[in-house]
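Visitor: mmCIF, C-alpha atoms and all ligand atoms, saved as final.cif, coming up:
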data_data
loop_
_atom_site.label_atom_id
_atom_site.label_comp_id
_atom_site.auth_asym_id
_atom_site.auth_seq_id
_atom_site.Cartn_x
_atom_site.Cartn_y
_atom_site.Cartn_z
CA MET A 86 99.09 -102.79 -40.44
CA GLU A 87 96.84 -105.82 -40.70
CA GLN A 88 99.01 -107.79 -38.28
CA GLN A 89 98.69 -105.23 -35.52
CA LYS A 90 94.97 -105.61 -35.16
CA ILE A 91 93.77 -106.97 -31.83
CA ASN A 92 92.20 -110.40 -32.15
CA LEU A 93 89.03 -110.20 -30.05
CA LEU A 94 88.89 -114.00 -29.81
CA ASN A 95 91.65 -113.73 -27.25
CA PHE A 96 89.37 -112.09 -24.69
CA ASP A 97 86.88 -113.48 -22.22
CA ARG A 98 84.16 -111.07 -21.10
CA GLU A 99 86.25 -109.52 -18.33
CA GLN A 100 89.21 -108.97 -20.67
CA MET A 101 86.85 -107.57 -23.32
CA ARG A 102 85.59 -105.03 -20.76
CA GLU A 103 89.18 -103.98 -20.03
CA TYR A 104 89.92 -103.63 -23.73
CA LEU A 105 86.81 -101.51 -24.30
CA THR A 106 87.65 -99.26 -21.36
CA GLN A 107 91.12 -98.78 -22.83
CA ILE A 108 89.72 -97.63 -26.17
CA GLY A 109 87.23 -95.29 -24.46
CA GLU A 110 84.10 -97.39 -24.95
CA LYS A 111 81.49 -98.37 -22.41
CA PRO A 112 82.51 -101.65 -20.74
CA TYR A 113 78.95 -103.09 -20.91
CA ARG A 114 79.35 -103.31 -24.67
CA ALA A 115 81.51 -106.35 -23.91
CA ASP A 116 78.31 -108.34 -23.31
CA GLN A 117 77.04 -107.46 -26.79
CA LEU A 118 80.34 -108.14 -28.50
CA ILE A 119 80.83 -111.49 -26.79
CA GLN A 120 77.29 -112.45 -27.73
CA TRP A 121 77.73 -111.52 -31.38
CA ILE A 122 81.03 -113.31 -31.68
CA HIS A 123 80.36 -116.46 -29.70
CA GLU A 124 76.62 -117.01 -29.28
CA TYR A 125 75.70 -115.94 -32.81
CA GLY A 126 79.00 -116.84 -34.49
CA ILE A 127 79.33 -113.52 -36.31
CA SER A 128 82.82 -112.46 -37.30
CA ASP A 129 81.92 -109.41 -39.40
CA PHE A 130 81.59 -106.19 -37.35
CA ASN A 131 79.20 -104.72 -39.96
CA LEU A 132 76.58 -107.31 -39.03
CA MET A 133 76.60 -106.36 -35.34
CA THR A 134 73.57 -104.16 -35.71
CA ASN A 135 73.04 -103.06 -32.12
CA LEU A 136 76.46 -101.38 -32.06
CA SER A 137 76.69 -97.80 -33.33
CA LYS A 138 78.15 -97.27 -36.79
CA ALA A 139 81.03 -95.23 -35.34
CA PHE A 140 81.92 -98.00 -32.89
CA ARG A 141 81.76 -100.62 -35.63
CA GLU A 142 84.10 -98.53 -37.75
CA GLN A 143 86.49 -98.13 -34.85
CA LEU A 144 86.50 -101.90 -34.32
CA GLN A 145 87.05 -102.46 -38.02
CA GLN A 146 90.20 -100.37 -37.86
CA GLN A 147 91.64 -101.68 -34.63
CA ALA A 148 90.37 -105.18 -34.15
CA GLU A 149 89.57 -108.42 -35.90
CA ILE A 150 88.12 -111.85 -35.28
CA ARG A 151 90.82 -114.10 -36.64
CA LEU A 152 90.12 -117.82 -36.63
CA PRO A 153 92.29 -120.80 -37.50
CA GLU A 154 91.65 -122.10 -41.00
CA ILE A 155 90.01 -125.46 -41.62
CA ALA A 156 92.66 -127.44 -43.47
CA LEU A 157 90.65 -130.64 -43.44
CA GLU A 158 87.24 -131.82 -42.27
CA LYS A 159 86.97 -135.57 -41.94
CA PRO A 160 83.62 -137.12 -41.06
CA SER A 161 83.59 -140.69 -39.83
CA SER A 162 80.91 -143.28 -40.52
CA ASP A 163 79.88 -143.21 -36.84
CA GLY A 164 79.18 -139.45 -36.88
CA THR A 165 82.51 -138.39 -35.40
CA ILE A 166 84.05 -135.42 -37.18
CA LYS A 167 87.70 -134.46 -37.06
CA TRP A 168 88.96 -131.04 -38.09
CA LEU A 169 92.57 -130.33 -38.84
CA LEU A 170 93.04 -126.62 -38.21
CA ARG A 171 95.88 -124.63 -39.70
CA LEU A 172 97.24 -121.86 -37.48
CA ALA A 173 98.69 -118.56 -38.70
CA ASP A 174 102.29 -119.79 -38.26
CA GLY A 175 101.71 -122.94 -40.30
CA ASN A 176 101.33 -125.26 -37.30
CA ALA A 177 98.26 -127.48 -37.17
CA VAL A 178 96.03 -128.82 -34.39
CA GLU A 179 93.16 -131.25 -34.31
CA THR A 180 89.70 -130.98 -32.82
CA VAL A 181 87.24 -133.86 -32.70
CA TYR A 182 83.45 -133.90 -32.33
CA ILE A 183 81.97 -137.08 -30.90
CA PRO A 184 78.15 -137.41 -30.99
CA GLU A 185 76.51 -139.78 -28.53
CA SER A 186 72.89 -140.23 -27.64
CA GLY A 187 71.74 -137.02 -26.03
CA ARG A 188 75.06 -135.24 -26.17
CA GLY A 189 77.88 -134.07 -28.40
CA THR A 190 81.39 -133.82 -27.02
CA LEU A 191 84.12 -131.67 -28.48
CA CYS A 192 87.68 -132.67 -27.73
CA VAL A 193 89.80 -129.52 -27.70
CA SER A 194 93.59 -129.08 -27.96
CA SER A 195 95.59 -126.73 -25.73
CA GLN A 196 99.13 -126.91 -27.17
CA VAL A 197 100.85 -127.84 -30.40
CA GLY A 198 102.41 -131.12 -29.29
CA CYS A 199 103.25 -131.86 -25.68
CA ALA A 200 106.51 -131.92 -23.73
CA LEU A 201 105.45 -134.45 -21.13
CA ASP A 202 106.27 -137.48 -23.23
CA CYS A 203 103.92 -140.10 -21.82
CA SER A 204 105.07 -143.40 -23.27
CA PHE A 205 101.67 -144.39 -24.73
CA CYS A 206 100.75 -141.03 -26.29
CA SER A 207 101.39 -140.11 -29.90
CA THR A 208 101.16 -136.37 -29.17
CA GLY A 209 103.87 -136.78 -26.53
CA LYS A 210 106.05 -138.68 -28.98
CA GLN A 211 105.96 -135.73 -31.36
CA GLY A 212 107.52 -133.32 -28.92
CA PHE A 213 106.42 -129.81 -28.04
CA SER A 214 106.12 -126.93 -30.43
CA ARG A 215 104.19 -124.15 -28.67
CA ASP A 216 101.25 -123.11 -26.52
CA LEU A 217 97.99 -122.25 -28.25
CA THR A 218 96.58 -118.76 -27.74
CA THR A 219 93.13 -118.26 -26.20
CA ALA A 220 91.88 -117.40 -29.71
CA GLU A 221 93.21 -120.69 -31.06
CA ILE A 222 91.63 -122.66 -28.22
CA ILE A 223 88.18 -121.04 -28.29
CA GLY A 224 88.45 -120.88 -32.09
CA GLN A 225 88.18 -124.69 -32.13
CA LEU A 226 84.75 -124.46 -30.48
CA TRP A 227 83.70 -121.50 -32.64
CA ILE A 228 84.53 -123.44 -35.79
CA ALA A 229 82.95 -126.70 -34.63
CA ALA A 230 79.74 -124.96 -33.51
CA ARG A 231 79.42 -123.15 -36.86
CA ALA A 232 80.24 -126.21 -38.92
CA LEU A 233 77.68 -128.30 -37.04
CA SER A 234 74.92 -125.72 -37.31
CA ALA A 235 75.55 -125.55 -41.06
CA GLN A 236 74.90 -129.29 -41.42
CA GLU A 237 71.60 -129.63 -43.18
CA GLY A 238 68.94 -131.63 -41.42
CA ARG A 239 71.17 -132.37 -38.44
CA HIS A 240 69.93 -129.91 -35.84
CA ASP A 241 70.48 -132.55 -33.18
CA ARG A 242 74.23 -132.14 -33.59
CA LYS A 243 75.37 -129.58 -31.09
CA VAL A 244 78.33 -129.21 -28.81
CA THR A 245 76.95 -129.95 -25.34
CA ASN A 246 80.18 -131.02 -23.64
CA ILE A 247 83.84 -130.06 -23.89
CA VAL A 248 86.83 -132.10 -22.87
CA MET A 249 90.28 -130.55 -22.85
CA MET A 250 91.71 -133.87 -24.00
CA GLY A 251 93.15 -133.03 -27.38
CA MET A 252 96.80 -132.27 -27.93
CA GLY A 253 98.81 -130.82 -25.07
CA GLU A 254 98.76 -130.46 -21.31
CA PRO A 255 96.20 -127.74 -20.53
CA LEU A 256 97.64 -126.98 -17.10
CA LEU A 257 100.96 -125.99 -18.67
CA ASN A 258 99.09 -123.34 -20.65
CA LEU A 259 96.59 -122.27 -18.04
CA ASP A 260 96.94 -118.54 -18.79
CA CYS A 261 95.41 -119.09 -22.23
CA VAL A 262 93.18 -122.03 -21.31
CA LEU A 263 91.38 -120.20 -18.48
CA PRO A 264 89.87 -117.36 -20.56
CA ALA A 265 88.82 -119.94 -23.17
CA MET A 266 87.07 -122.02 -20.49
CA ASN A 267 85.47 -118.85 -19.08
CA LEU A 268 83.92 -118.30 -22.50
CA MET A 269 82.71 -121.91 -22.66
CA LEU A 270 80.83 -121.32 -19.39
CA ASP A 271 79.72 -117.74 -20.09
CA ASP A 272 75.97 -117.31 -20.70
CA PHE A 273 76.75 -114.59 -23.25
CA ALA A 274 79.02 -117.00 -25.14
CA TYR A 275 78.47 -120.80 -25.08
CA GLY A 276 76.68 -121.08 -21.72
CA LEU A 277 77.78 -124.62 -20.87
CA ALA A 278 77.26 -125.93 -17.34
CA LYS A 279 80.42 -126.36 -15.25
CA ARG A 280 79.98 -130.12 -15.17
CA ARG A 281 80.00 -130.23 -18.96
CA VAL A 282 83.45 -128.73 -19.38
CA THR A 283 86.25 -131.04 -18.30
CA LEU A 284 89.93 -130.26 -18.01
CA SER A 285 92.16 -133.31 -18.21
CA THR A 286 95.63 -133.24 -16.69
CA SER A 287 98.49 -135.67 -16.31
CA GLY A 288 98.95 -134.29 -12.79
CA VAL A 289 100.70 -130.90 -12.72
CA VAL A 290 100.02 -130.55 -8.99
CA PRO A 291 100.71 -126.82 -8.33
CA MET A 292 98.64 -125.87 -11.35
CA MET A 293 95.80 -128.10 -10.16
CA GLU A 294 95.70 -125.95 -7.05
CA LYS A 295 95.65 -122.84 -9.19
CA LEU A 296 92.85 -124.26 -11.35
CA ARG A 297 90.81 -125.13 -8.26
CA ASP A 298 91.09 -121.51 -7.12
CA SER A 299 90.22 -119.96 -10.48
CA SER A 300 87.66 -122.18 -12.22
CA ASN A 301 84.93 -124.65 -11.31
CA VAL A 302 85.08 -126.89 -14.37
CA ALA A 303 85.14 -130.67 -13.98
CA LEU A 304 88.51 -132.34 -13.47
CA ALA A 305 89.92 -135.48 -15.03
CA VAL A 306 93.26 -136.87 -13.90
CA SER A 307 95.21 -139.13 -16.23
CA LEU A 308 96.31 -141.73 -13.72
CA HIS A 309 97.04 -144.83 -15.83
CA ALA A 310 98.95 -146.64 -13.09
CA SER A 311 98.33 -147.68 -9.52
CA ASN A 312 101.92 -147.51 -8.22
CA ASP A 313 104.80 -145.09 -8.63
CA GLU A 314 107.15 -147.51 -10.36
CA LEU A 315 104.71 -148.10 -13.18
CA ARG A 316 103.51 -144.51 -13.36
CA ASN A 317 107.09 -143.21 -13.60
CA GLU A 318 107.41 -145.30 -16.72
CA LEU A 319 104.10 -144.33 -18.31
CA VAL A 320 103.77 -140.71 -17.20
CA PRO A 321 107.27 -139.29 -16.62
CA LEU A 322 105.76 -136.27 -14.83
CA ASN A 323 105.16 -138.68 -11.95
CA LYS A 324 108.85 -138.39 -11.06
CA LYS A 325 108.22 -134.77 -10.22
CA TYR A 326 104.76 -135.20 -8.64
CA PRO A 327 104.49 -138.77 -7.34
CA LEU A 328 101.21 -140.47 -6.47
CA LYS A 329 101.23 -139.43 -2.81
CA VAL A 330 101.45 -135.74 -3.73
CA LEU A 331 98.94 -136.12 -6.57
CA MET A 332 96.42 -138.03 -4.45
CA ASP A 333 96.72 -135.49 -1.64
CA VAL A 334 95.60 -132.65 -3.89
CA CYS A 335 92.82 -134.84 -5.33
CA ARG A 336 91.55 -135.73 -1.85
CA THR A 337 90.60 -132.15 -1.06
CA TYR A 338 90.00 -130.81 -4.58
CA PHE A 339 86.19 -130.76 -4.35
CA LYS A 340 85.96 -130.45 -0.58
CA ASP A 341 83.47 -127.58 -0.79
CA GLU A 342 81.24 -129.47 -3.24
CA PRO A 343 80.79 -132.94 -1.76
CA LYS A 344 78.73 -134.21 -4.69
CA ARG A 345 81.46 -133.68 -7.28
CA LYS A 346 83.91 -136.39 -8.22
CA ILE A 347 87.26 -136.46 -9.98
CA ILE A 348 87.37 -138.62 -13.09
CA PHE A 349 90.44 -140.84 -13.09
CA GLU A 350 91.46 -141.90 -16.57
CA TYR A 351 93.22 -145.20 -16.94
CA VAL A 352 94.50 -146.33 -20.34
CA MET A 353 94.36 -150.12 -20.60
CA LEU A 354 97.71 -151.50 -21.76
CA LYS A 355 97.96 -155.23 -22.35
CA ASP A 356 99.97 -157.00 -19.62
CA ILE A 357 101.33 -153.68 -18.32
CA ASN A 358 98.71 -152.17 -16.01
CA ASP A 359 95.62 -154.31 -16.59
CA GLN A 360 95.93 -157.18 -14.09
CA PRO A 361 93.64 -157.80 -11.09
CA ARG A 362 96.42 -156.75 -8.70
CA HIS A 363 96.56 -153.37 -10.44
CA ALA A 364 92.81 -153.00 -10.01
CA ARG A 365 93.12 -153.81 -6.30
CA GLN A 366 95.97 -151.31 -5.91
CA LEU A 367 93.85 -148.72 -7.67
CA ILE A 368 91.01 -149.25 -5.19
CA THR A 369 93.38 -148.66 -2.28
CA LEU A 370 94.83 -145.59 -3.95
CA LEU A 371 91.41 -144.02 -4.48
CA GLN A 372 90.17 -144.63 -0.95
CA GLY A 373 88.78 -141.44 0.55
CA ILE A 374 88.81 -139.61 -2.78
CA PRO A 375 85.45 -138.85 -4.43
CA SER A 376 86.19 -140.57 -7.73
CA LYS A 377 84.93 -142.11 -10.92
CA VAL A 378 87.14 -144.30 -13.07
CA ASN A 379 87.15 -144.17 -16.85
CA LEU A 380 88.97 -147.04 -18.52
CA ILE A 381 90.31 -146.17 -21.97
CA PRO A 382 91.24 -148.92 -24.44
CA PHE A 383 94.73 -148.03 -25.69
CA ASN A 384 94.62 -146.48 -29.13
CA PRO A 385 97.49 -147.83 -31.17
CA PHE A 386 99.70 -145.63 -33.37
CA PRO A 387 102.72 -146.48 -35.54
CA HIS A 388 105.72 -147.72 -33.50
CA ALA A 389 103.72 -147.68 -30.28
CA PRO A 390 105.36 -149.99 -27.74
CA TYR A 391 101.98 -151.25 -26.41
CA GLU A 392 98.86 -153.13 -27.31
CA SER A 393 95.39 -152.54 -25.95
CA SER A 394 94.07 -154.91 -23.30
CA THR A 395 91.41 -157.30 -24.57
CA GLU A 396 87.74 -156.57 -23.98
CA ASP A 397 87.58 -159.42 -21.45
CA THR A 398 90.53 -158.09 -19.48
CA ILE A 399 89.01 -154.61 -19.44
CA GLU A 400 85.71 -156.03 -18.24
CA ARG A 401 87.42 -158.04 -15.50
CA PHE A 402 89.31 -154.92 -14.36
CA ALA A 403 86.13 -152.81 -14.44
CA LYS A 404 84.24 -155.38 -12.36
CA ILE A 405 86.87 -155.44 -9.60
CA VAL A 406 86.96 -151.65 -9.34
CA SER A 407 83.20 -151.12 -9.49
CA LYS A 408 82.64 -153.78 -6.81
CA SER A 409 84.52 -151.48 -4.44
CA GLY A 410 81.80 -148.88 -4.97
CA VAL A 411 83.65 -146.67 -7.45
CA ILE A 412 81.63 -145.93 -10.61
CA THR A 413 83.66 -147.37 -13.47
CA THR A 414 83.00 -146.79 -17.15
CA THR A 415 84.82 -147.93 -20.27
CA ARG A 416 85.31 -145.47 -23.10
CA LYS A 417 84.00 -146.59 -26.46
CA THR A 418 86.48 -146.22 -29.26
CA ARG A 419 85.11 -143.78 -31.80
CA GLY A 420 86.11 -142.45 -35.16
CA ASP A 421 88.38 -145.44 -35.78
CA ASP A 422 88.17 -145.04 -39.53
CA ILE A 423 89.43 -141.45 -39.39
CA ASP A 424 92.05 -141.94 -36.71
CA ALA A 425 90.26 -139.53 -34.43
CA ALA A 426 90.35 -141.02 -30.98
CA CYS A 427 90.23 -138.32 -28.41
CA GLY A 428 93.55 -138.02 -26.59
CA GLN A 429 95.44 -139.41 -29.49
CA LEU A 430 95.43 -136.57 -31.91
CA ALA A 431 98.29 -136.26 -34.29
CA GLY A 432 98.63 -132.88 -35.93
CA GLN A 433 101.63 -132.04 -37.98
CA VAL A 434 103.91 -131.11 -35.14
CA LYS A 435 107.50 -130.61 -35.97
CA ASP A 436 109.44 -132.11 -33.13
CA ARG A 437 111.40 -129.23 -31.75
CA THR A 438 113.31 -131.47 -29.40
CA ARG A 439 115.31 -128.74 -27.78
CA ARG A 440 112.15 -126.89 -26.91
CA SER A 441 110.66 -130.05 -25.45
CA GLU A 442 113.77 -130.52 -23.35
CA ARG A 443 113.54 -126.96 -22.08
CA TRP A 444 109.98 -127.61 -21.00
CA ARG A 445 110.83 -130.84 -19.34
CA LYS A 446 113.57 -129.01 -17.42
CA LYS A 447 111.11 -126.28 -16.48
CA VAL A 448 108.69 -128.77 -14.98
CA GLY A 449 111.56 -130.77 -13.55
CA ILE A 450 111.22 -134.07 -15.40
CA PRO A 451 114.48 -135.89 -16.03
CA ILE A 452 115.14 -135.72 -19.77
CA GLN A 453 114.95 -139.06 -21.49
CA GLN A 454 115.77 -140.26 -24.92
CA VAL A 455 112.58 -140.31 -26.99
CA SER A 456 112.41 -143.71 -28.61
CA SER A 457 110.86 -143.86 -32.05
N1 LIG P 1 97.60 -133.83 -21.38
C1 LIG P 1 96.34 -134.09 -20.80
C2 LIG P 1 95.19 -133.99 -21.78
C3 LIG P 1 95.40 -134.53 -23.16
S1 LIG P 1 95.57 -136.28 -23.27
C4 LIG P 1 96.34 -135.44 -20.12
O1 LIG P 1 97.30 -136.19 -20.27
O2 LIG P 1 95.40 -135.70 -19.39
C5 LIG P 1 93.88 -136.80 -23.04
C6 LIG P 1 93.73 -138.25 -22.58
O3 LIG P 1 94.05 -139.18 -23.63
C7 LIG P 1 94.65 -138.60 -21.43
O4 LIG P 1 93.97 -139.34 -20.44
C8 LIG P 1 95.69 -139.42 -22.12
O5 LIG P 1 96.38 -140.19 -21.21
C9 LIG P 1 94.88 -140.20 -23.12
N2 LIG P 1 95.70 -140.84 -24.17
C10 LIG P 1 96.84 -140.38 -24.71
N3 LIG P 1 97.31 -141.25 -25.64
C11 LIG P 1 96.43 -142.26 -25.69
C12 LIG P 1 96.36 -143.47 -26.46
N4 LIG P 1 97.29 -143.79 -27.37
N5 LIG P 1 95.31 -144.30 -26.24
C13 LIG P 1 94.35 -143.97 -25.35
N6 LIG P 1 94.36 -142.85 -24.59
C14 LIG P 1 95.40 -142.01 -24.76
FE1 LIG P 2 101.00 -134.84 -22.97
FE2 LIG P 2 98.67 -135.82 -22.08
FE3 LIG P 2 99.99 -136.99 -24.11
FE4 LIG P 2 100.97 -137.14 -21.64
S1 LIG P 2 99.02 -138.00 -22.36
S2 LIG P 2 102.16 -136.67 -23.50
S3 LIG P 2 100.44 -135.14 -20.83
S4 LIG P 2 99.09 -134.97 -24.13
#
Represent the structure of the file as structure tokens.

Guide:
Amino acid sequence: MEQQKINLLNFDREQMREYLTQIGEKPYRADQLIQWIHEYGISDFNLMTNLSKAFREQLQQQAEIRLPEIALEKPSSDGTIKWLLRLADGNAVETVYIPESGRGTLCVSSQVGCALDCSFCSTGKQGFSRDLTTAEIIGQLWIAARALSAQEGRHDRKVTNIVMMGMGEPLLNLDCVLPAMNLMLDDFAYGLAKRRVTLSTSGVVPMMEKLRDSSNVALAVSLHASNDELRNELVPLNKKYPLKVLMDVCRTYFKDEPKRKIIFEYVMLKDINDQPRHARQLITLLQGIPSKVNLIPFNPFPHAPYESSTEDTIERFAKIVSKSGVITTTRKTRGDDIDAACGQLAGQVKDRTRRSERWRKKVGIPIQQVSS
């Protein structure tokens, strides 16, 4: 019977209201439940003291708050913490907390593995296993928030920002990612401002349009190349949605909010995409698009076919782009000693190659041989 219980972590407030209506309860109780579960981090119905005893008993019988298990918690010397979370089916995902002055960013995963096979990404190289549920996505924040608040004497360590930059392509799992992001923004749950929750995508154009219509979180686009030839090589999804199509959707993405900008991520690969001509091409590409550029030093992994650009090369590139008026930042590498760079998370994904191929077919990317 245990397995048939409804996991309440799968619901945002709206979905919780629907569930409560279905079981004959008052929908406004959703506010209280969401607050207990997410704001206060309570997973035991008995402790939810403003709910009637009868209602608590009903919940006990029908519902549960089932979280992933912490398989490993790895703190780094620079304050970064990586959690390896074990899911009910034995799969594992990683979540990373990165403290910086005045803020703490949690890097959240959306899938086990990824089918999009970007050539510089270790998650992509592991293939795709499955989508995460809403409970597994928001569970990462629940666990991180609780673990941080339990740290003695470190009340400064809080999650103030979220980036959907862990494992997976969030726009290929939008149905489960959206309710999780709704909870991140919900004042009864985590109450984060829309600018502090960022979804990062490799450019799934139709889903970007859907995201724009259903959520107002910040958007990061993993660009990594300034021309189609190079981007086809680095981000195979570009063959399906080339730069012209991608840039068109970016141009109008924040048209109703002129102050907001898209963050373009650009991984710096030695002698591949890091030359002054690439920087100049990038400037032309971004013309007319409200943008910021974030340069990311490549994070090496075993058998990776690339090296990171040198600091000098990155600085030269950054100078050219920022001279054009585009704000350009360079990401600091963090958690080096625990292998916890955001965007390069390596859970124990079993490469289910056939499944990856099915996904690639679904999104229309020509299937390539995955080199080891
Ligand atoms: N699938 C989404 C989000 C997860 S990847 C996306 O591609 O945007 C998050 C970020 O980490 C992306 O910008 C991705 O390109 C970057 N990334 C992946 N592998 C990396 C590596 N080895 N070094 C540096 N950045 C990497
Ligand atoms: Fe997937 Fe993003 Fe990695 Fe590309 S960079 S393989 S889209 S997780």

Visitor: Ranking A:Leu256, A:Leu296, A:Ala139, A:Val411 by minimum distance to ligand LIG 2 (chain P) and counting only C-alpha atoms and all ligand atoms, which one comes first?

Guide: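 The closest residue to ligand LIG 2 (chain P) is A:Leu256.
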
Visitor: If the limit is 6 Å from any atom of ligand LIG 2 (chain P), counting all atoms listed in the file, which residues qualify? Return them as a list of chain:residue names.

Guide: A:Cys199, A:Leu201, A:Asp202, A:Cys203, A:Cys206, A:Thr208, A:Gly209, A:Met252, A:Gly253, A:Glu254, A:Ser287

Visitor: Next, write the just-selected residues to a file, as an mmCIF file, in the coordinates of the input, keeping C-alpha atoms as the atom set.

Guide:
data_model
loop_
_atom_site.group_PDB
_atom_site.id
_atom_site.type_symbol
_atom_site.label_atom_id
_atom_site.label_comp_id
_atom_site.auth_asym_id
_atom_site.auth_seq_id
_atom_site.Cartn_x
_atom_site.Cartn_y
_atom_site.Cartn_z
ATOM 1 C CA CYS A 199 103.250 -131.860 -25.680
ATOM 2 C CA LEU A 201 105.450 -134.450 -21.130
ATOM 3 C CA ASP A 202 106.270 -137.480 -23.230
ATOM 4 C CA CYS A 203 103.920 -140.100 -21.820
ATOM 5 C CA CYS A 206 100.750 -141.030 -26.290
ATOM 6 C CA THR A 208 101.160 -136.370 -29.170
ATOM 7 C CA GLY A 209 103.870 -136.780 -26.530
ATOM 8 C CA MET A 252 96.800 -132.270 -27.930
ATOM 9 C CA GLY A 253 98.810 -130.820 -25.070
ATOM 10 C CA GLU A 254 98.760 -130.460 -21.310
ATOM 11 C CA SER A 287 98.490 -135.670 -16.310
#

Visitor: Counting only C-alpha atoms, which of A:Lys417, A:Lys377, A:His388, A:Arg345 gets nearest to Ser207 (chain A)?

Guide: A:His388

Visitor: Given all atoms listed in the file as the basis, pick out the residue of A:Glu154, A:Lys167, A:Lys243, A:Leu371 nearest to Ser186 (chain A).

Guide: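 Distance minimum relative to Ser186 (chain A) lands on A:Lys243.
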
Visitor: How would you write, as a ChimeraX atom specification, the set of residues no farther than 9 Å from ligand LIG 1 (chain P) when counting all atoms listed in the file?

Guide: /A:192-195,199,201,203-209,248-257,284-288,305-309,320,349-354,381-386,389,391,393,426-430

Visitor: Box along x, y and z, 6 Å on every side, all listed atoms of region 202-211 of chain A inside: centre and edge lengths in Å to one decimal, as lines of an AutoDock Vina configuration file.

Guide:
center_x = 103.5
center_y = -140.1
center_z = -26.6
size_x = 17.5
size_y = 20.7
size_z = 21.5

Visitor: Restricting the calculation to only C-alpha atoms, which member of A:Thr190, A:Met133, A:Leu94, A:Pro160 is positioned closest to Gln236 (chain A)?

Guide: A:Pro160

Visitor: Let me make sure I understand: among A:Ser128, A:Glu99, A:Val330, A:Asp359, which one has the smallest atom-to-atom distance to Glu392 (chain A) if we use all atoms listed in the file?

Guide: A:Asp359

Visitor: Quick test: take region 185-201 of chain A, keep N, CA and C atoms, and write it as a PDB file, in the first residue's frame.

Guide:
ATOM      1  N   GLU A 185      28.741  32.593  -2.200  1.00  0.00           N
ATOM      2  CA  GLU A 185      29.574  33.726  -2.615  1.00  0.00           C
ATOM      3  C   GLU A 185      29.226  34.869  -1.692  1.00  0.00           C
ATOM      4  N   SER A 186      29.984  35.962  -1.786  1.00  0.00           N
ATOM      5  CA  SER A 186      29.673  37.017  -0.814  1.00  0.00           C
ATOM      6  C   SER A 186      28.258  37.547  -1.083  1.00  0.00           C
ATOM      7  N   GLY A 187      27.445  37.490  -0.051  1.00  0.00           N
ATOM      8  CA  GLY A 187      26.089  38.028  -0.159  1.00  0.00           C
ATOM      9  C   GLY A 187      25.068  37.120  -0.811  1.00  0.00           C
ATOM     10  N   ARG A 188      25.494  35.986  -1.330  1.00  0.00           N
ATOM     11  CA  ARG A 188      24.486  35.075  -1.874  1.00  0.00           C
ATOM     12  C   ARG A 188      24.941  33.619  -1.844  1.00  0.00           C
ATOM     13  N   GLY A 189      23.959  32.737  -1.995  1.00  0.00           N
ATOM     14  CA  GLY A 189      24.260  31.311  -2.038  1.00  0.00           C
ATOM     15  C   GLY A 189      23.453  30.702  -3.170  1.00  0.00           C
ATOM     16  N   THR A 190      24.149  30.121  -4.132  1.00  0.00           N
ATOM     17  CA  THR A 190      23.471  29.611  -5.325  1.00  0.00           C
ATOM     18  C   THR A 190      23.384  28.090  -5.278  1.00  0.00           C
ATOM     19  N   LEU A 191      22.200  27.581  -5.558  1.00  0.00           N
ATOM     20  CA  LEU A 191      22.039  26.133  -5.645  1.00  0.00           C
ATOM     21  C   LEU A 191      21.868  25.742  -7.107  1.00  0.00           C
ATOM     22  N   CYS A 192      22.689  24.795  -7.528  1.00  0.00           N
ATOM     23  CA  CYS A 192      22.652  24.326  -8.909  1.00  0.00           C
ATOM     24  C   CYS A 192      21.852  23.024  -8.930  1.00  0.00           C
ATOM     25  N   VAL A 193      20.711  23.055  -9.609  1.00  0.00           N
ATOM     26  CA  VAL A 193      19.721  21.980  -9.509  1.00  0.00           C
ATOM     27  C   VAL A 193      19.654  21.173 -10.815  1.00  0.00           C
ATOM     28  N   SER A 194      19.502  19.864 -10.687  1.00  0.00           N
ATOM     29  CA  SER A 194      19.395  18.983 -11.853  1.00  0.00           C
ATOM     30  C   SER A 194      17.934  18.793 -12.257  1.00  0.00           C
ATOM     31  N   SER A 195      17.713  18.543 -13.549  1.00  0.00           N
ATOM     32  CA  SER A 195      16.345  18.353 -14.051  1.00  0.00           C
ATOM     33  C   SER A 195      16.109  16.982 -14.680  1.00  0.00           C
ATOM     34  N   GLN A 196      17.182  16.280 -15.035  1.00  0.00           N
ATOM     35  CA  GLN A 196      17.054  14.937 -15.616  1.00  0.00           C
ATOM     36  C   GLN A 196      18.201  14.069 -15.095  1.00  0.00           C
ATOM     37  N   VAL A 197      18.025  12.757 -15.203  1.00  0.00           N
ATOM     38  CA  VAL A 197      19.159  11.865 -14.942  1.00  0.00           C
ATOM     39  C   VAL A 197      19.862  11.708 -16.278  1.00  0.00           C
ATOM     40  N   GLY A 198      21.033  12.345 -16.416  1.00  0.00           N
ATOM     41  CA  GLY A 198      21.734  12.341 -17.692  1.00  0.00           C
ATOM     42  C   GLY A 198      21.142  13.380 -18.630  1.00  0.00           C
ATOM     43  N   CYS A 199      21.556  13.322 -19.877  1.00  0.00           N
ATOM     44  CA  CYS A 199      21.009  14.251 -20.872  1.00  0.00           C
ATOM     45  C   CYS A 199      21.213  13.644 -22.248  1.00  0.00           C
ATOM     46  N   ALA A 200      20.206  13.796 -23.109  1.00  0.00           N
ATOM     47  CA  ALA A 200      20.279  13.178 -24.440  1.00  0.00           C
ATOM     48  C   ALA A 200      20.923  14.090 -25.469  1.00  0.00           C
ATOM     49  N   LEU A 201      21.244  15.328 -25.086  1.00  0.00           N
ATOM     50  CA  LEU A 201      21.610  16.292 -26.128  1.00  0.00           C
ATOM     51  C   LEU A 201      23.089  16.248 -26.522  1.00  0.00           C
TER      52      LEU A 201
END
